[in-house]
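Visitor: Here you go, this is data.tsv (TSV, C-alpha atoms and all ligand atoms).
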```
chain	number	residue	atom	x	y	z
A	8	MET	CA	-21.64	13.20	14.78
A	9	THR	CA	-19.71	14.98	17.50
A	10	ASN	CA	-16.01	14.82	16.94
A	11	GLU	CA	-14.00	14.62	20.15
A	12	ALA	CA	-10.48	14.70	18.81
A	13	VAL	CA	-7.90	13.86	21.45
A	14	THR	CA	-4.26	14.38	20.68
A	15	VAL	CA	-1.99	11.83	22.26
A	16	THR	CA	1.39	10.69	21.00
A	17	SER	CA	3.01	9.44	17.84
A	18	PRO	CA	0.94	6.61	16.33
A	19	HIS	CA	3.88	4.63	15.02
A	20	LEU	CA	6.32	3.84	17.79
A	21	ASP	CA	6.86	0.17	18.48
A	22	GLY	CA	5.54	-0.81	21.90
A	23	ASP	CA	3.57	2.42	22.22
A	24	GLN	CA	-0.14	1.69	22.61
A	25	HIS	CA	-1.12	5.37	22.62
A	26	ALA	CA	-2.44	6.17	19.16
A	27	LEU	CA	-3.93	9.36	17.86
A	28	VAL	CA	-7.64	9.22	18.60
A	29	ILE	CA	-9.52	10.61	15.64
A	30	TYR	CA	-13.08	10.23	16.79
A	31	LYS	CA	-14.97	9.13	19.89
A	32	SER	CA	-18.69	8.54	20.22
A	33	GLY	CA	-20.23	6.58	23.12
A	34	PRO	CA	-18.57	3.15	23.27
A	35	VAL	CA	-16.79	3.57	19.90
A	36	THR	CA	-13.32	5.04	19.47
A	37	LEU	CA	-11.61	5.43	16.11
A	38	ARG	CA	-7.86	5.77	15.93
A	39	HIS	CA	-4.92	5.16	13.63
A	40	LEU	CA	-2.96	1.93	13.43
A	41	THR	CA	0.13	1.70	15.63
A	42	ASP	CA	3.26	-0.31	14.89
A	43	THR	CA	2.58	-2.81	17.67
A	44	GLU	CA	2.21	-6.60	17.46
A	45	ASP	CA	-1.39	-6.44	18.73
A	46	ASP	CA	-2.50	-3.89	16.14
A	47	ARG	CA	-0.62	-5.57	13.30
A	48	GLN	CA	-2.18	-8.97	14.06
A	49	PHE	CA	-5.65	-7.46	14.38
A	50	VAL	CA	-5.46	-5.57	11.08
A	51	GLY	CA	-3.91	-8.66	9.44
A	52	SER	CA	-6.92	-10.71	10.53
A	53	MET	CA	-9.37	-8.01	9.36
A	54	MET	CA	-7.69	-7.95	5.94
A	55	VAL	CA	-7.96	-11.72	5.68
A	56	ALA	CA	-11.66	-11.48	6.64
A	57	ALA	CA	-12.27	-8.87	3.93
A	58	PHE	CA	-10.38	-10.81	1.22
A	59	GLU	CA	-11.22	-14.34	2.45
A	60	GLN	CA	-13.04	-15.57	-0.66
A	61	LYS	CA	-10.22	-14.40	-2.95
A	62	LEU	CA	-7.46	-15.76	-0.70
A	63	VAL	CA	-9.07	-19.20	-0.40
A	64	HIS	CA	-9.41	-19.29	-4.19
A	65	ALA	CA	-5.78	-18.22	-4.70
A	66	THR	CA	-4.34	-20.54	-2.04
A	67	SER	CA	-6.40	-22.68	0.35
A	68	ARG	CA	-8.25	-22.23	3.63
A	69	GLY	CA	-5.26	-23.77	5.42
A	70	SER	CA	-3.07	-20.88	4.22
A	71	LEU	CA	-5.19	-18.14	5.83
A	72	PRO	CA	-3.13	-17.97	9.08
A	73	ASP	CA	0.03	-17.51	6.96
A	74	MET	CA	-1.73	-14.81	4.95
A	75	ARG	CA	-2.72	-13.03	8.17
A	76	ASP	CA	0.89	-13.13	9.36
A	77	SER	CA	2.06	-11.89	5.96
A	78	TYR	CA	-0.32	-8.89	6.07
A	79	ALA	CA	0.68	-8.24	9.70
A	80	SER	CA	4.35	-8.29	8.71
A	81	SER	CA	3.70	-5.82	5.89
A	82	LEU	CA	2.51	-3.32	8.56
A	83	ARG	CA	5.79	-3.38	10.48
A	84	GLY	CA	8.40	-0.62	10.45
A	85	ARG	CA	6.80	1.69	7.89
A	86	GLN	CA	7.05	5.45	7.65
A	87	PRO	CA	4.67	7.52	9.88
A	88	ILE	CA	2.29	8.43	7.03
A	89	PHE	CA	1.63	4.71	6.40
A	90	TYR	CA	-0.06	4.35	9.79
A	91	GLU	CA	-2.40	7.24	9.01
A	92	ARG	CA	-3.80	5.21	6.12
A	93	HIS	CA	-5.24	2.56	8.46
A	94	LEU	CA	-8.10	3.19	10.86
A	95	ILE	CA	-8.97	0.95	13.80
A	96	ALA	CA	-12.34	1.04	15.56
A	97	GLU	CA	-12.66	-0.08	19.17
A	98	PHE	CA	-15.90	-0.92	20.95
A	99	GLU	CA	-15.64	-0.48	24.72
A	100	GLY	CA	-11.87	-0.80	24.38
A	101	GLU	CA	-11.93	-3.99	22.29
A	102	LYS	CA	-10.70	-3.89	18.69
A	103	ALA	CA	-13.78	-4.25	16.50
A	104	GLY	CA	-13.01	-3.25	12.91
A	105	SER	CA	-10.65	-1.55	10.54
A	106	CYS	CA	-10.26	-0.10	7.08
A	107	ALA	CA	-7.45	1.22	4.91
A	108	ILE	CA	-7.34	4.10	2.48
A	109	ARG	CA	-4.92	4.86	-0.34
A	110	TYR	CA	-4.11	8.00	-2.28
A	111	HIS	CA	-2.39	8.70	-5.58
A	112	GLY	CA	1.30	7.81	-5.31
A	113	ASP	CA	0.94	5.55	-2.25
A	114	ASP	CA	1.95	2.47	-4.28
A	115	GLU	CA	5.43	3.93	-4.76
A	116	LEU	CA	5.64	5.10	-1.15
A	117	PHE	CA	4.54	1.79	0.40
A	118	GLN	CA	6.22	-0.82	-1.75
A	119	ASP	CA	5.75	-4.56	-1.22
A	120	ARG	CA	8.71	-6.16	0.60
A	121	GLU	CA	10.01	-9.65	-0.09
A	122	GLU	CA	10.40	-10.42	3.63
A	123	ASP	CA	6.64	-9.96	4.20
A	124	MET	CA	5.63	-12.71	1.77
A	125	ALA	CA	3.71	-15.67	3.14
A	126	PRO	CA	5.78	-18.93	3.17
A	127	VAL	CA	3.68	-20.59	0.47
A	128	GLY	CA	4.55	-23.24	-2.11
A	129	CYS	CA	4.74	-22.77	-5.89
A	130	THR	CA	1.05	-23.34	-6.61
A	131	ASP	CA	-0.15	-20.88	-3.98
A	132	PHE	CA	2.53	-18.41	-5.06
A	133	CYS	CA	1.14	-18.49	-8.63
A	134	GLY	CA	-2.41	-18.09	-7.28
A	135	LEU	CA	-1.35	-15.04	-5.25
A	136	GLN	CA	0.47	-13.52	-8.24
A	137	LEU	CA	-2.68	-13.88	-10.37
A	138	LEU	CA	-4.72	-12.31	-7.60
A	139	GLN	CA	-2.29	-9.43	-7.30
A	140	ASN	CA	-2.37	-8.83	-11.06
A	141	ALA	CA	-6.17	-8.75	-11.01
A	142	SER	CA	-6.27	-6.42	-8.01
A	143	LYS	CA	-3.66	-3.90	-9.16
A	144	ASP	CA	-5.49	-0.63	-9.18
A	145	GLU	CA	-3.92	2.76	-9.70
A	146	VAL	CA	-5.40	5.50	-7.58
A	147	PRO	CA	-5.96	8.56	-9.81
A	148	PRO	CA	-5.04	12.02	-8.52
A	149	GLU	CA	-7.74	13.62	-6.33
A	150	ASN	CA	-9.25	10.21	-5.61
A	151	CYS	CA	-9.27	8.21	-2.40
A	152	PHE	CA	-9.38	4.41	-2.62
A	153	LEU	CA	-11.03	2.44	0.19
A	154	HIS	CA	-8.75	-0.59	0.12
A	155	TYR	CA	-10.93	-2.67	2.45
A	156	LEU	CA	-13.43	-2.26	5.26
A	157	SER	CA	-14.11	-5.01	7.77
A	158	VAL	CA	-15.92	-5.27	11.10
A	159	ASP	CA	-15.54	-8.33	13.32
A	160	ALA	CA	-18.77	-10.40	13.08
A	161	LYS	CA	-19.56	-9.99	16.78
A	162	PHE	CA	-19.52	-6.18	16.50
A	163	ARG	CA	-21.59	-5.80	13.32
A	164	LYS	CA	-24.82	-3.79	13.03
A	165	LYS	CA	-23.70	-1.36	15.73
A	166	GLY	CA	-22.85	1.45	13.32
A	167	ILE	CA	-19.09	0.77	13.39
A	168	GLY	CA	-18.79	0.17	9.61
A	169	LYS	CA	-20.59	3.43	8.97
A	170	MET	CA	-18.31	5.35	11.37
A	171	LEU	CA	-15.16	3.93	9.76
A	172	LEU	CA	-16.49	4.85	6.32
A	173	ASN	CA	-17.47	8.37	7.43
A	174	THR	CA	-14.02	8.89	8.90
A	175	ALA	CA	-12.31	7.71	5.70
A	176	GLU	CA	-14.52	10.11	3.72
A	177	THR	CA	-13.63	13.01	6.03
A	178	ASP	CA	-9.93	12.23	5.58
A	179	ALA	CA	-10.41	12.25	1.78
A	180	LYS	CA	-12.21	15.59	1.92
A	181	GLU	CA	-9.50	17.10	4.11
A	182	LYS	CA	-6.91	15.98	1.56
A	183	GLY	CA	-8.86	17.66	-1.25
A	184	CYS	CA	-10.18	14.46	-2.87
A	185	PRO	CA	-13.69	14.92	-4.25
A	186	VAL	CA	-14.07	11.20	-5.06
A	187	ILE	CA	-13.78	8.06	-2.93
A	188	PHE	CA	-14.04	4.64	-4.58
A	189	LEU	CA	-13.82	0.92	-3.82
A	190	TRP	CA	-14.15	-2.45	-5.52
A	191	VAL	CA	-16.69	-4.96	-4.24
A	192	ALA	CA	-17.91	-8.30	-5.59
A	193	SER	CA	-21.41	-7.87	-6.99
A	194	SER	CA	-22.40	-10.95	-4.94
A	195	ASN	CA	-21.13	-9.40	-1.65
A	196	LYS	CA	-23.91	-8.36	0.76
A	197	ALA	CA	-21.78	-5.34	1.65
A	198	LYS	CA	-22.69	-3.85	-1.75
A	199	LYS	CA	-26.09	-2.90	-0.30
A	200	PHE	CA	-24.33	-1.35	2.72
A	201	PHE	CA	-22.28	0.88	0.39
A	202	GLU	CA	-25.37	1.78	-1.71
A	203	ASP	CA	-27.12	2.86	1.48
A	204	GLN	CA	-24.11	5.10	2.25
A	205	GLY	CA	-24.44	6.90	-1.10
A	206	TYR	CA	-22.04	4.85	-3.27
A	207	GLU	CA	-22.96	4.12	-6.90
A	208	VAL	CA	-21.66	1.48	-9.29
A	209	LYS	CA	-19.57	3.27	-11.92
A	210	ASP	CA	-17.77	0.37	-13.55
A	211	MET	CA	-17.89	-3.39	-13.78
A	212	GLU	CA	-15.06	-5.89	-14.27
A	213	THR	CA	-15.43	-9.47	-15.53
A	214	ARG	CA	-12.20	-9.92	-17.59
A	215	CYS	CA	-13.79	-11.62	-20.61
A	216	GLY	CA	-16.08	-14.31	-19.31
A	217	CYS	CA	-14.27	-16.54	-16.85
A	218	GLY	CA	-11.02	-14.48	-16.67
A	219	LEU	CA	-11.80	-12.74	-13.41
A	220	TRP	CA	-13.11	-15.99	-11.90
A	221	CYS	CA	-9.84	-17.78	-12.70
A	222	MET	CA	-7.78	-14.99	-11.15
A	223	THR	CA	-9.88	-14.14	-8.10
A	224	GLY	CA	-12.71	-16.62	-7.55
A	225	ILE	CA	-15.16	-13.79	-8.13
A	226	ARG	CA	-17.32	-13.53	-11.25
A	227	GLU	CA	-18.00	-9.81	-11.26
A	228	LEU	CA	-16.45	-6.87	-9.45
A	229	ASN	CA	-18.14	-3.48	-9.15
A	230	ARG	CA	-16.26	-0.21	-8.86
A	231	MET	CA	-18.42	1.91	-6.57
A	232	GLU	CA	-17.78	5.56	-5.92
A	233	LYS	CA	-19.16	8.52	-4.03
A	234	THR	CA	-18.71	12.18	-4.79
A	235	LEU	CA	-17.74	14.08	-1.66
A	236	GLY	CA	-18.39	17.74	-0.95
A	237	LEU	CA	-15.03	19.32	-0.17
A	238	ILE	CA	-14.42	20.92	3.23
A	239	ALA	CA	-13.92	24.31	1.51
A	240	ASP	CA	-17.44	24.05	-0.02
A	241	GLU	CA	-18.95	23.45	3.42
A	242	ASN	CA	-17.45	26.66	4.90
A	301	LIG	C1	-19.98	-4.34	5.45
A	301	LIG	C2	-19.59	-4.22	6.91
A	301	LIG	C3	-18.23	-3.52	7.04
A	301	LIG	C4	-20.65	-3.37	7.64
A	301	LIG	O1	-20.23	-3.14	8.98
A	301	LIG	P1	-21.28	-2.89	10.17
A	301	LIG	O2	-20.51	-2.35	11.31
A	301	LIG	O3	-22.08	-4.10	10.42
A	301	LIG	O4	-22.21	-1.78	9.52
A	301	LIG	P2	-23.10	-0.74	10.32
A	301	LIG	O5	-23.52	-1.32	11.62
A	301	LIG	O6	-22.40	0.57	10.32
A	301	LIG	O7	-24.33	-0.67	9.34
A	301	LIG	C5	-24.77	0.52	8.77
A	301	LIG	C6	-26.03	0.24	8.03
A	301	LIG	O8	-25.82	-0.75	6.99
A	301	LIG	C7	-26.66	-1.87	7.21
A	301	LIG	N1	-25.85	-3.05	6.91
A	301	LIG	C8	-24.70	-3.41	7.52
A	301	LIG	N2	-24.21	-4.54	6.98
A	301	LIG	C9	-25.09	-4.89	6.01
A	301	LIG	C10	-25.16	-5.97	5.10
A	301	LIG	N3	-24.20	-6.93	5.11
A	301	LIG	N4	-26.17	-6.00	4.22
A	301	LIG	C11	-27.12	-5.04	4.22
A	301	LIG	N5	-27.12	-3.99	5.07
A	301	LIG	C12	-26.12	-3.92	5.94
A	301	LIG	C13	-27.03	-1.80	8.67
A	301	LIG	O9	-28.25	-2.46	8.91
A	301	LIG	C14	-27.11	-0.32	8.90
A	301	LIG	O10	-28.34	0.18	8.43
A	301	LIG	P3	-29.00	1.47	9.11
A	301	LIG	O11	-28.07	2.63	8.81
A	301	LIG	O12	-30.30	1.57	8.44
A	301	LIG	O13	-29.05	1.16	10.57
A	301	LIG	C15	-19.55	-5.61	7.61
A	301	LIG	O14	-20.76	-6.28	7.32
A	301	LIG	C16	-18.36	-6.48	7.20
A	301	LIG	O15	-17.29	-6.39	7.78
A	301	LIG	N6	-18.52	-7.34	6.19
A	301	LIG	C17	-17.49	-8.29	5.76
A	301	LIG	C18	-16.33	-7.63	5.05
A	301	LIG	C19	-16.76	-7.01	3.73
A	301	LIG	O16	-17.44	-7.63	2.95
A	301	LIG	N7	-16.30	-5.74	3.51
A	301	LIG	C20	-16.67	-4.98	2.31
A	301	LIG	C21	-15.76	-5.24	1.14
A	301	LIG	S1	-14.09	-4.83	1.45
```
Would you kindly transcribe this structure into structure tokens?
Guide:
Amino acid sequence: MTNEAVTVTSPHLDGDQHALVIYKSGPVTLRHLTDTEDDRQFVGSMMVAAFEQKLVHATSRGSLPDMRDSYASSLRGRQPIFYERHLIAEFEGEKAGSCAIRYHGDDELFQDREEDMAPVGCTDFCGLQLLQNASKDEVPPENCFLHYLSVDAKFRKKGIGKMLLNTAETDAKEKGCPVIFLWVASSNKAKKFFEDQGYEVKDMETRCGCGLWCMTGIRELNRMEKTLGLIADEN
């Protein structure tokens, strides 16, 4: 992979479409999230796509637009480092996919805000609380957590998922994290994608029979991880 890094301007100014370009190869450009309505809505919709099965279980299909707006709202007005944790891929200038990474301590830095909550009723609220409890996952020191990875269906199988993943791994290495991990439903076809990229199942979660199903709508979650060579080892 050739890495044509282009420095532009701050990635987090409202109304500023010029983000830091991290990587460019042929028609694909990878950059950080910016604090703009367009980017927030796009990443919100990618997050909903990645978590769709869980969100429908916790609420209903009709609540997905509210969930997208809620995620989009949670991306507004954050500190600069927050925007470095989200990558956006563009294909010929069109937004095509995104992923988010988390490091140890990010939970305290990027706290949930009441104003970002979706306007749901009591039942959906309880469903979302259960989902949140099931998903809570501390990121250990020297680990990078791939929070989600999603490519718009019309841009799949073009290598974009792989590029986003490679870029997240490079970021982890640069930050001195020898391990990157993620959680994926064992029934998700993407599990094979991660296996092909060198990820191995290290743990399995079912929460005593039907516990995980009740909370998430998923019967079994796999914790997959990959050991990364550190940049220092490569030099
Ligand atoms: C998983 C996902 C991100 C892959 O994105 P993508 O851009 O299509 O992947 P790529 O084009 O980079 O594919 C890389 C390789 O994986 C293979 N691959 C991609 N998706 C695959 C799938 N669903 N099942 C099996 N193999 C897959 C490709 O054929 C390709 O193989 P190659 O290297 O031999 O050519 C995409 O399918 C997606 O967004 N899925 C829905 C969201 C999701 O489930 N995310 C994961 C959990 S958060």
Visitor: Could you list, as a list in words, all protein and nucleic acid residues with an atom at most 6 Å from ligand LIG 301 (chain A), counting all atoms listed in the file?
Guide: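 So, counting all atoms listed in the file, the residues near ligand LIG 301 (chain A) are Ala57, Tyr155, Leu156, Ser157, Val158, Arg163, Lys164, Lys165, Gly166, Ile167, Gly168, Lys169, Val191, Lys196, Ala197, Lys199 and Phe200 of chain A.
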Visitor: Tell me which protein, DNA and RNA residues are within 10 Å of Pro147 of chain A, counting only C-alpha atoms, leaving out same-chain ones fewer than 3 positions away, and put them as a ChimeraX atom specification.
Guide: /A:110-112,144,150-152,186
Visitor: Next, write the just-selected residues to a file, as a CSV table (one decimal), in the coordinates of the input, keeping C-alpha atoms as the atom set.
Guide:
```csv
chain,number,residue,atom,x,y,z
A,110,TYR,CA,-4.1,8.0,-2.3
A,111,HIS,CA,-2.4,8.7,-5.6
A,112,GLY,CA,1.3,7.8,-5.3
A,144,ASP,CA,-5.5,-0.6,-9.2
A,150,ASN,CA,-9.2,10.2,-5.6
A,151,CYS,CA,-9.3,8.2,-2.4
A,152,PHE,CA,-9.4,4.4,-2.6
A,186,VAL,CA,-14.1,11.2,-5.1
```
Visitor: Please indicate the distance in Å from atom CA of Asn195 of chain A to atom CA of Thr174 of chain A, rounded to one decimal place.
Guide: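 Atom CA of Asn195 of chain A sits 22.3 Å away from atom CA of Thr174 of chain A.
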Visitor: Could you check how far atom CA of Pro72 of chain A sits from atom CA of Arg92 of chain A, in Å to one decimal?
Guide: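 Separation of atom CA of Pro72 of chain A and atom CA of Arg92 of chain A: 23.4 Å.
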Visitor: For Gln139 of chain A, find every residue with an atom within 12 Å (counting only C-alpha atoms), except residues of its own chain fewer than 6 positions away, and show them as a list in words.
Guide: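 Answer for this query is Phe58, Lys61, Leu62, Ala65, Asp119, Phe132, Cys133, Leu219, Met222 and Thr223 of chain A.
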Visitor: Using all atoms listed in the file, determine which residues lie at most 10 Å from Leu153 of chain A, disregarding the query and same-chain residues fewer than 5 positions distant; provide the list as a list of chain:residue names.
Guide: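 Residues near the query, excluding close chain neighbours: A:Arg92, A:Cys106, A:Ala107, A:Ile108, A:Arg109, A:Tyr110, A:Leu172, A:Ala175, A:Glu176, A:Ala179, A:Ile187, A:Phe188, A:Leu189, A:Trp190, A:Glu232.
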